[in-house]
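Below: model14.tsv (TSV, C-alpha atoms)
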```tsv
chain	number	residue	atom	x	y	z
X	1	MET	CA	72.72	-41.82	-73.72
X	2	ILE	CA	74.00	-40.69	-70.32
X	3	LYS	CA	72.78	-37.20	-69.43
X	4	LEU	CA	75.06	-34.67	-67.71
X	5	LEU	CA	74.02	-31.54	-65.82
X	6	ILE	CA	76.72	-28.94	-65.06
X	7	VAL	CA	76.36	-26.78	-61.93
X	8	ASP	CA	78.76	-23.89	-61.32
X	9	ASP	CA	78.29	-20.18	-60.62
X	10	SER	CA	80.98	-19.29	-63.16
X	11	ASN	CA	79.87	-19.15	-66.77
X	12	ILE	CA	83.51	-19.64	-67.83
X	13	ILE	CA	83.77	-22.87	-65.82
X	14	ARG	CA	80.39	-24.16	-67.06
X	15	ARG	CA	81.52	-23.62	-70.64
X	16	LYS	CA	84.96	-25.10	-69.91
X	17	ILE	CA	83.39	-28.27	-68.50
X	18	GLU	CA	81.05	-28.52	-71.48
X	19	ARG	CA	83.97	-28.16	-73.92
X	20	SER	CA	86.24	-30.51	-71.95
X	21	VAL	CA	83.92	-33.49	-71.66
X	22	ASN	CA	85.11	-35.99	-74.22
X	23	ILE	CA	83.10	-39.10	-73.46
X	24	PRO	CA	80.91	-40.17	-76.41
X	25	ALA	CA	78.16	-41.64	-74.24
X	26	LEU	CA	77.77	-38.42	-72.25
X	27	THR	CA	75.50	-35.59	-73.42
X	28	VAL	CA	75.25	-32.25	-71.65
X	29	VAL	CA	71.55	-31.54	-71.03
X	30	GLY	CA	71.82	-28.37	-68.99
X	31	ALA	CA	73.94	-25.91	-67.02
X	32	ALA	CA	72.91	-24.18	-63.80
X	33	ALA	CA	74.50	-21.19	-62.02
X	34	ASN	CA	73.32	-22.09	-58.51
X	35	GLY	CA	71.57	-24.77	-56.49
X	36	VAL	CA	68.05	-23.43	-57.04
X	37	GLU	CA	68.50	-23.49	-60.82
X	38	ALA	CA	70.13	-26.92	-60.54
X	39	VAL	CA	67.10	-28.44	-58.80
X	40	GLU	CA	64.81	-26.96	-61.44
X	41	LEU	CA	66.90	-28.31	-64.35
X	42	PHE	CA	67.38	-31.64	-62.57
X	43	LYS	CA	63.62	-32.18	-62.37
X	44	ARG	CA	63.19	-31.17	-66.01
X	45	HIS	CA	66.04	-33.17	-67.61
X	46	LYS	CA	66.52	-36.06	-65.13
X	47	PRO	CA	70.31	-36.29	-65.65
X	48	ASN	CA	72.28	-39.40	-64.65
X	49	VAL	CA	75.45	-37.45	-63.83
X	50	VAL	CA	75.98	-34.00	-62.30
X	51	THR	CA	79.16	-31.94	-61.89
X	52	MET	CA	78.70	-29.78	-58.79
X	53	ASP	CA	80.51	-26.65	-57.63
X	54	LEU	CA	80.31	-25.99	-53.87
X	55	THR	CA	80.74	-22.25	-53.29
X	56	MET	CA	77.67	-20.74	-54.97
X	57	PRO	CA	75.11	-18.05	-54.18
X	58	GLU	CA	71.44	-18.82	-53.42
X	59	MET	CA	71.98	-22.48	-52.46
X	60	ASP	CA	75.45	-23.93	-51.98
X	61	GLY	CA	76.76	-27.15	-53.47
X	62	LEU	CA	76.53	-29.42	-50.42
X	63	GLU	CA	72.91	-28.44	-49.88
X	64	THR	CA	72.25	-29.03	-53.56
X	65	VAL	CA	73.86	-32.50	-53.46
X	66	SER	CA	71.40	-33.46	-50.71
X	67	ALA	CA	68.45	-31.91	-52.58
X	68	LEU	CA	69.22	-33.72	-55.85
X	69	LEU	CA	69.79	-37.07	-54.17
X	70	ALA	CA	66.51	-36.70	-52.31
X	71	ILE	CA	64.84	-36.54	-55.74
X	72	ASP	CA	66.88	-39.37	-57.28
X	73	PRO	CA	69.31	-41.27	-55.02
X	74	GLY	CA	70.82	-43.04	-58.04
X	75	THR	CA	72.34	-39.87	-59.48
X	76	HIS	CA	76.12	-39.79	-59.83
X	77	ILE	CA	77.48	-36.49	-58.55
X	78	LEU	CA	81.05	-35.34	-59.12
X	79	VAL	CA	82.00	-32.38	-56.94
X	80	VAL	CA	84.30	-29.92	-58.76
X	81	SER	CA	85.42	-27.36	-56.21
X	82	ALA	CA	88.23	-24.99	-55.23
X	83	LEU	CA	87.75	-26.05	-51.58
X	84	ALA	CA	90.76	-28.32	-51.32
X	85	ASP	CA	90.57	-29.47	-47.69
X	86	LYS	CA	89.97	-33.11	-46.80
X	87	THR	CA	87.01	-32.33	-44.53
X	88	THR	CA	85.04	-30.84	-47.41
X	89	ALA	CA	85.82	-33.81	-49.66
X	90	ILE	CA	84.73	-36.24	-46.93
X	91	GLU	CA	81.56	-34.24	-46.24
X	92	SER	CA	80.71	-34.28	-49.96
X	93	ILE	CA	81.04	-38.07	-50.06
X	94	ARG	CA	79.06	-38.37	-46.81
X	95	ARG	CA	76.23	-36.42	-48.45
X	96	GLY	CA	76.25	-38.89	-51.34
X	97	ALA	CA	78.60	-37.46	-53.99
X	98	ARG	CA	80.52	-40.21	-55.78
X	99	GLY	CA	83.66	-38.26	-56.64
X	100	PHE	CA	85.59	-35.07	-55.92
X	101	ILE	CA	88.13	-33.11	-57.96
X	102	CYS	CA	89.77	-29.81	-57.12
X	103	LYS	CA	89.91	-26.65	-59.19
X	104	PRO	CA	91.97	-25.81	-61.11
X	105	PHE	CA	91.50	-28.96	-63.18
X	106	THR	CA	92.75	-30.10	-66.55
X	107	ASP	CA	90.57	-31.67	-69.27
X	108	LYS	CA	92.20	-35.01	-68.54
X	109	GLU	CA	91.51	-34.82	-64.80
X	110	LEU	CA	87.86	-34.04	-65.45
X	111	ASN	CA	87.38	-36.82	-68.01
X	112	ASP	CA	89.25	-39.36	-65.87
X	113	ALA	CA	87.03	-38.54	-62.89
X	114	LEU	CA	83.86	-38.83	-64.99
X	115	ILE	CA	85.01	-42.13	-66.53
X	116	GLU	CA	85.74	-43.48	-63.05
X	117	LEU	CA	82.26	-42.44	-61.96
X	118	LEU	CA	80.65	-44.12	-64.98
X	119	GLU	CA	82.76	-47.30	-64.67
X	120	VAL	CA	81.53	-47.70	-61.13
X	121	GLU	CA	77.98	-47.50	-62.45
X	122	VAL	CA	78.64	-50.07	-65.22
X	123	SER	CA	80.38	-52.51	-62.87
J	1	MET	CA	99.13	-13.81	-40.41
J	2	ASN	CA	102.57	-15.34	-40.13
J	3	GLU	CA	105.16	-16.37	-42.68
J	4	GLN	CA	103.80	-19.90	-42.87
J	5	HIS	CA	100.28	-18.66	-43.64
J	6	LEU	CA	101.64	-16.40	-46.34
J	7	LYS	CA	103.56	-19.27	-47.91
J	8	ILE	CA	100.28	-21.19	-48.23
J	9	PHE	CA	98.84	-18.41	-50.41
J	10	VAL	CA	102.10	-18.13	-52.40
J	11	ASP	CA	101.97	-21.89	-53.06
J	12	SER	CA	98.30	-21.62	-54.02
J	13	ALA	CA	99.10	-18.95	-56.65
J	14	THR	CA	102.11	-20.88	-57.97
J	15	TYR	CA	100.07	-24.06	-58.27
J	16	TYR	CA	97.18	-22.34	-60.07
J	17	PHE	CA	99.22	-20.98	-62.95
J	18	SER	CA	101.50	-24.01	-63.31
J	19	HIS	CA	98.46	-26.30	-63.42
J	20	LEU	CA	96.57	-24.29	-66.02
J	21	SER	CA	99.29	-23.43	-68.49
J	22	ASP	CA	102.68	-24.56	-69.75
J	23	GLU	CA	104.23	-21.42	-68.37
J	24	PRO	CA	104.38	-21.20	-64.57
J	25	ALA	CA	103.98	-17.83	-62.90
J	26	LYS	CA	106.87	-16.13	-61.16
J	27	VAL	CA	105.59	-15.40	-57.69
J	28	GLN	CA	107.72	-12.66	-56.19
J	29	VAL	CA	108.58	-11.81	-52.59
J	30	PRO	CA	105.48	-10.66	-50.64
J	31	TYR	CA	105.56	-7.24	-49.03
J	32	LEU	CA	103.56	-5.45	-46.38
J	33	ILE	CA	101.12	-2.80	-47.61
J	34	GLU	CA	99.49	-0.04	-45.60
J	35	HIS	CA	95.74	0.38	-45.19
J	36	ASN	CA	95.73	3.63	-47.12
J	37	GLU	CA	97.59	2.11	-50.07
J	38	SER	CA	95.71	0.60	-52.94
J	39	LEU	CA	97.00	-2.05	-55.26
J	40	ILE	CA	94.42	-2.42	-57.99
J	41	TYR	CA	94.63	-3.42	-61.63
J	42	ASP	CA	91.73	-3.51	-64.13
J	43	TYR	CA	89.77	-6.43	-62.65
J	44	THR	CA	89.57	-7.60	-59.05
J	45	GLY	CA	87.96	-10.61	-57.36
J	46	ILE	CA	87.46	-10.29	-53.60
J	47	ILE	CA	86.82	-13.17	-51.21
J	48	GLY	CA	85.56	-12.46	-47.69
J	49	ILE	CA	87.11	-14.65	-45.02
J	50	ALA	CA	85.30	-15.68	-41.83
J	51	GLY	CA	85.42	-18.42	-39.21
J	52	LEU	CA	88.70	-18.99	-37.39
J	53	TYR	CA	90.28	-16.45	-39.74
J	54	GLN	CA	88.89	-12.96	-40.47
J	55	GLY	CA	89.48	-10.51	-43.28
J	56	ASN	CA	89.67	-10.81	-47.03
J	57	VAL	CA	91.79	-11.98	-49.91
J	58	TYR	CA	91.73	-10.37	-53.31
J	59	PHE	CA	93.24	-11.12	-56.69
J	60	THR	CA	93.73	-8.17	-59.03
J	61	ALA	CA	94.99	-8.28	-62.60
J	62	PRO	CA	95.23	-6.25	-65.81
J	63	GLU	CA	92.75	-6.78	-68.63
J	64	GLY	CA	95.42	-8.22	-70.94
J	65	MET	CA	96.17	-11.00	-68.50
J	66	MET	CA	92.49	-11.85	-68.11
J	67	ARG	CA	92.07	-12.02	-71.90
J	68	TYR	CA	95.14	-14.25	-72.22
J	69	LEU	CA	93.89	-16.55	-69.44
J	70	LEU	CA	90.46	-16.76	-71.08
J	71	THR	CA	92.16	-17.89	-74.29
J	72	THR	CA	94.17	-20.57	-72.46
J	73	GLN	CA	90.86	-21.84	-71.05
J	74	GLY	CA	89.47	-22.17	-74.58
J	75	GLU	CA	87.21	-19.14	-74.15
J	76	HIS	CA	87.22	-16.86	-77.16
J	77	LYS	CA	84.72	-14.31	-75.86
J	78	HIS	CA	86.59	-11.59	-74.00
J	79	THR	CA	83.87	-9.19	-72.86
J	80	PRO	CA	84.14	-7.31	-69.54
J	81	GLU	CA	81.64	-9.86	-68.12
J	82	HIS	CA	83.98	-12.70	-69.05
J	83	CYS	CA	86.95	-10.87	-67.48
J	84	LEU	CA	84.93	-10.33	-64.28
J	85	ASP	CA	83.86	-13.97	-64.25
J	86	ILE	CA	87.42	-15.32	-64.54
J	87	VAL	CA	88.93	-12.88	-62.03
J	88	GLY	CA	86.28	-13.99	-59.51
J	89	GLU	CA	86.97	-17.62	-60.27
J	90	ILE	CA	90.73	-17.16	-59.78
J	91	ALA	CA	90.18	-15.41	-56.42
J	92	ASN	CA	87.83	-18.19	-55.36
J	93	THR	CA	90.29	-20.89	-56.43
J	94	LEU	CA	93.32	-19.31	-54.73
J	95	ALA	CA	91.41	-18.85	-51.45
J	96	GLY	CA	89.72	-22.26	-51.67
J	97	ASN	CA	92.99	-24.05	-52.36
J	98	ALA	CA	94.49	-22.46	-49.23
J	99	ARG	CA	92.07	-24.65	-47.24
J	100	ARG	CA	94.24	-27.62	-48.20
J	101	ASP	CA	96.61	-26.41	-45.46
J	102	LEU	CA	94.47	-24.03	-43.38
J	103	GLY	CA	91.52	-26.41	-43.13
J	104	ASN	CA	87.79	-25.91	-43.36
J	105	GLU	CA	87.79	-23.27	-40.60
J	106	LEU	CA	88.86	-20.82	-43.32
J	107	LEU	CA	85.33	-19.92	-44.42
J	108	ILE	CA	85.25	-18.22	-47.80
J	109	SER	CA	82.52	-16.17	-49.45
J	110	VAL	CA	81.41	-16.21	-53.06
J	111	PRO	CA	83.56	-13.69	-54.98
J	112	LEU	CA	82.72	-10.01	-55.25
J	113	LYS	CA	83.92	-8.92	-58.69
J	114	ILE	CA	84.94	-5.38	-59.57
J	115	ALA	CA	86.07	-3.66	-62.75
J	116	GLY	CA	88.24	-0.57	-62.29
J	117	LYS	CA	89.03	1.17	-59.04
J	118	PRO	CA	86.58	0.39	-56.25
J	119	ASP	CA	85.07	3.12	-54.07
J	120	MET	CA	85.58	1.12	-50.92
J	121	MET	CA	88.78	0.26	-49.10
J	122	LEU	CA	89.62	-3.38	-49.79
J	123	LEU	CA	92.07	-4.03	-46.97
J	124	ALA	CA	90.75	-5.31	-43.65
J	125	LYS	CA	91.40	-2.59	-41.06
J	126	LYS	CA	92.40	-4.87	-38.20
J	127	SER	CA	94.81	-7.04	-40.16
J	128	ARG	CA	98.26	-6.61	-41.57
J	129	SER	CA	98.03	-6.89	-45.33
J	130	TYR	CA	100.52	-8.47	-47.66
J	131	ALA	CA	100.76	-8.15	-51.42
J	132	ILE	CA	102.06	-11.16	-53.32
J	133	PRO	CA	103.20	-9.98	-56.78
J	134	ILE	CA	102.55	-12.51	-59.54
J	135	GLN	CA	104.22	-12.28	-62.93
J	136	TRP	CA	102.68	-14.47	-65.62
J	137	ARG	CA	103.88	-14.16	-69.19
J	138	PHE	CA	104.13	-10.39	-69.82
J	139	TYR	CA	101.71	-9.38	-67.09
J	140	MET	CA	101.93	-8.37	-63.46
J	141	ALA	CA	99.06	-9.18	-61.10
J	142	ALA	CA	98.79	-9.47	-57.32
J	143	LEU	CA	97.18	-11.55	-54.65
J	144	VAL	CA	96.54	-9.41	-51.57
J	145	VAL	CA	96.04	-11.23	-48.29
J	146	SER	CA	94.51	-9.30	-45.42
J	147	VAL	CA	93.67	-11.96	-42.88
J	148	GLU	CA	94.02	-12.37	-39.12
J	149	GLN	CA	93.59	-15.51	-37.06
```

Mind converting the file's structure to structure tokens?
Amino acid sequence: MIKLLIVDDSNIIRRKIERSVNIPALTVVGAAANGVEAVELFKRHKPNVVTMDLTMPEMDGLETVSALLAIDPGTHILVVSALADKTTAIESIRRGARGFICKPFTDKELNDALIELLEVEVS
Amino acid sequence: MNEQHLKIFVDSATYYFSHLSDEPAKVQVPYLIEHNESLIYDYTGIIGIAGLYQGNVYFTAPEGMMRYLLTTQGEHKHTPEHCLDIVGEIANTLAGNARRDLGNELLISVPLKIAGKPDMMLLAKKSRSYAIPIQWRFYMAALVVSVEQ
């Protein structure tokens, strides 16, 4: 079983991601509304994959990417953000995220991005 | 704010609705609004803008539109909290997507979400403000851009 943690300050988006994920091997183990909650749930559930929003209160997404990877550098993080500029995407990858998709996203775009992330891990 | 900047926000709104549903929104001609005017529907998501640009952007929409959008997103709970959540998310997405063209020097805040008519003035005093009317299905909403470089 591959464990997924969802991080987004919008409850609607957290639920949308949970409903959209259609990959049998992937199980959602938690959902966090900000970076502080994400770190807490990350330590508790030890997920393999994380979807990460960037614009969040308390602790933003880029900071959270660094914090989670400091705990487990092998974690696969997919950034899911409305911030559509190239610099932000590059900075996310520089911090260690493995993928980046922009909001608004379709179910297919989300699943394709997660599959790509997981295929990289398998290969 | 010039015509090119405004077009970026128009494109952002057009893209949002066409990407999320089968029915694209009709984004109408933007118009200038005065500081003492208010253009507010039932729910409003406000994004503060800082960095190279200053001011704010807000998306305001009627409750019916929010409920319909929630349904298209597979969300069957339509409480006021859900309407506030989605209006904030739309405002965040429209402003965040504008960075595709305006770059990362358009710093955006987390959304402030309001139900009903706010007590405060939403338009930035030092900026010219434009309303971008958005018609989606049977509903009229607006993206208001009040930003100076």

Counting only C-alpha atoms, which residues of chain X sit at most 6 Å from some atom of chain J, and what is each one's closest atom pair with its distance in Å to one decimal, listed by chain and rising residue number, as a Markdown table?
```
| residue | atom | partner | partner_atom | distance |
| --- | --- | --- | --- | --- |
| X:Ala82 | CA | J:Gly96 | CA | 4.7 |
| X:Leu83 | CA | J:Gly96 | CA | 4.3 |
| X:Ala84 | CA | J:Arg100 | CA | 4.7 |
| X:Asp85 | CA | J:Arg100 | CA | 4.1 |
```

Hey, can you spit out that residue selection with C-alpha atoms as a PDB file, in the coordinates of the input?
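Generated output (out_35.pdb):
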```pdb
ATOM      1  CA  ALA X  82      88.230 -24.990 -55.230  1.00  0.00           C
ATOM      2  CA  LEU X  83      87.750 -26.050 -51.580  1.00  0.00           C
ATOM      3  CA  ALA X  84      90.760 -28.320 -51.320  1.00  0.00           C
ATOM      4  CA  ASP X  85      90.570 -29.470 -47.690  1.00  0.00           C
TER       5      ASP X  85
END
```

Next item on the list: May I ask for the distance between CA of Lys46 in chain X and CA of Leu5 in chain X, given in Å to one decimal place?
Entry: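 About the pair CA of Lys46 in chain X and CA of Leu5 in chain X: they are 8.8 Å apart.
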
Next item on the list: Tell me which of X:Val39, X:Ile17, X:Ala25, X:Leu69 sits closest to Lys103 in chain X, counting only C-alpha atoms.
Entry: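 The shortest atom-to-atom distance to Lys103 in chain X comes from X:Ile17.
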
Next item on the list: Identify, on the basis of all atoms listed in the file, every residue whose closest approach to Ile33 in chain J does not exceed 8 Å; exclude the query and any residue fewer than 3 positions from it along the same chain; express the result as a ChimeraX atom specification.
Entry: /J:37,128-131

Would you give the centre and edge lengths, in Å to one decimal, of a box along x, y and z around the listed atoms of range 29-45 of chain J, with 8 Å added to each side, as AutoDock Vina command-line options?
```
--center_x 98.3 --center_y -4.1 --center_z -54.7 --size_x 36.6 --size_y 31.4 --size_z 34.9
```

Item checked: X:Pro24, X:Pro104, X:Gly35, X:Gly74 ranked by distance to Pro47 in chain X, top pick (using only C-alpha atoms) -> X:Gly74

Item checked: Of the listed residues X:Thr51, X:Cys102, X:Ala31, X:His76, that which approaches Glu119 in chain X most closely, counting all atoms listed in the file ->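 Looking only at the distances to Glu119 in chain X, the closest residue turns out to be X:His76.
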
Note to self: Show me, as a list of chain:residue names, the residues that have an atom within 9 Å of Gln54 in chain J when counting all atoms listed in the file, minus same-chain residues fewer than 4 positions from it.
What the structure shows: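 My list of contacting residues is J:Gly48, J:Ile49, J:Ala50, J:Leu106, J:Leu107, J:Ala124, J:Ser127, J:Ser146, J:Val147, J:Glu148, J:Gln149.
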
Checklist line | Closest of J:His35, J:Leu52, J:Ala25, J:Thr72 to Thr106 in chain X - atom-to-atom distances counting only C-alpha atoms | finding: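 Looking at the shortest contact to Thr106 in chain X, the residue is J:Thr72.
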
Check: So how many Å separate CA of Glu63 in chain J and CA of Asp42 in chain J, to one decimal?
Finding: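 Value for the CA of Glu63 in chain J-CA of Asp42 in chain J distance: 5.7 Å.
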
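Residues in contact with Pro118 in chain J at up to 12 Å, not including ones fewer than 4 positions away on its chain and judged by only C-alpha atoms, are Ser38, Leu39, Ile40, Tyr41, Asp42, Tyr43, Thr44, Gly45, Ile46, Thr60, Leu112, Lys113, Ile114, Leu122 and Leu123 of chain J.
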
Margin query: Would you pick out the contacts of Ile134 in chain J at 7 Å or less, using only C-alpha atoms, so that residues sharing its chain but fewer than 6 positions from it are not included, and give the list as a VMD selection string?
Written below: chain J and resid 25 to 28 140 to 142

Checklist line | Who sits within 12 Å of Val7 in chain X, all atoms listed in the file, same chain under 2 positions skipped, as a PyMOL selection string | finding: chain X and resi 4-5+9-18+28-42+47+49-57+59-62+64-65+68+77-81

Checklist line | d(CA of Ser20 in chain X, CA of Leu118 in chain X) in Å | finding: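 Distance between the two atoms: 16.3 Å.
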
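Among the candidates J:Asn56, J:Val145, J:Arg67, J:Leu32, the one nearest to Ala13 in chain J when counting only C-alpha atoms is J:Val145.
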
Neighbourhood query: residues within 12 Å of (105.9, -14.5, -41.4), file coordinates, counting all atoms listed in the file; return as a PDB file with C-alpha atoms, in the coordinates of the input.
```pdb
ATOM      1  CA  MET J   1      99.130 -13.810 -40.410  1.00  0.00           C
ATOM      2  CA  ASN J   2     102.570 -15.340 -40.130  1.00  0.00           C
ATOM      3  CA  GLU J   3     105.160 -16.370 -42.680  1.00  0.00           C
ATOM      4  CA  GLN J   4     103.800 -19.900 -42.870  1.00  0.00           C
ATOM      5  CA  HIS J   5     100.280 -18.660 -43.640  1.00  0.00           C
ATOM      6  CA  LEU J   6     101.640 -16.400 -46.340  1.00  0.00           C
ATOM      7  CA  LYS J   7     103.560 -19.270 -47.910  1.00  0.00           C
ATOM      8  CA  ILE J   8     100.280 -21.190 -48.230  1.00  0.00           C
ATOM      9  CA  VAL J  29     108.580 -11.810 -52.590  1.00  0.00           C
ATOM     10  CA  PRO J  30     105.480 -10.660 -50.640  1.00  0.00           C
ATOM     11  CA  TYR J  31     105.560  -7.240 -49.030  1.00  0.00           C
ATOM     12  CA  LEU J  32     103.560  -5.450 -46.380  1.00  0.00           C
ATOM     13  CA  ARG J 128      98.260  -6.610 -41.570  1.00  0.00           C
ATOM     14  CA  SER J 129      98.030  -6.890 -45.330  1.00  0.00           C
ATOM     15  CA  TYR J 130     100.520  -8.470 -47.660  1.00  0.00           C
TER      16      TYR J 130
END
```
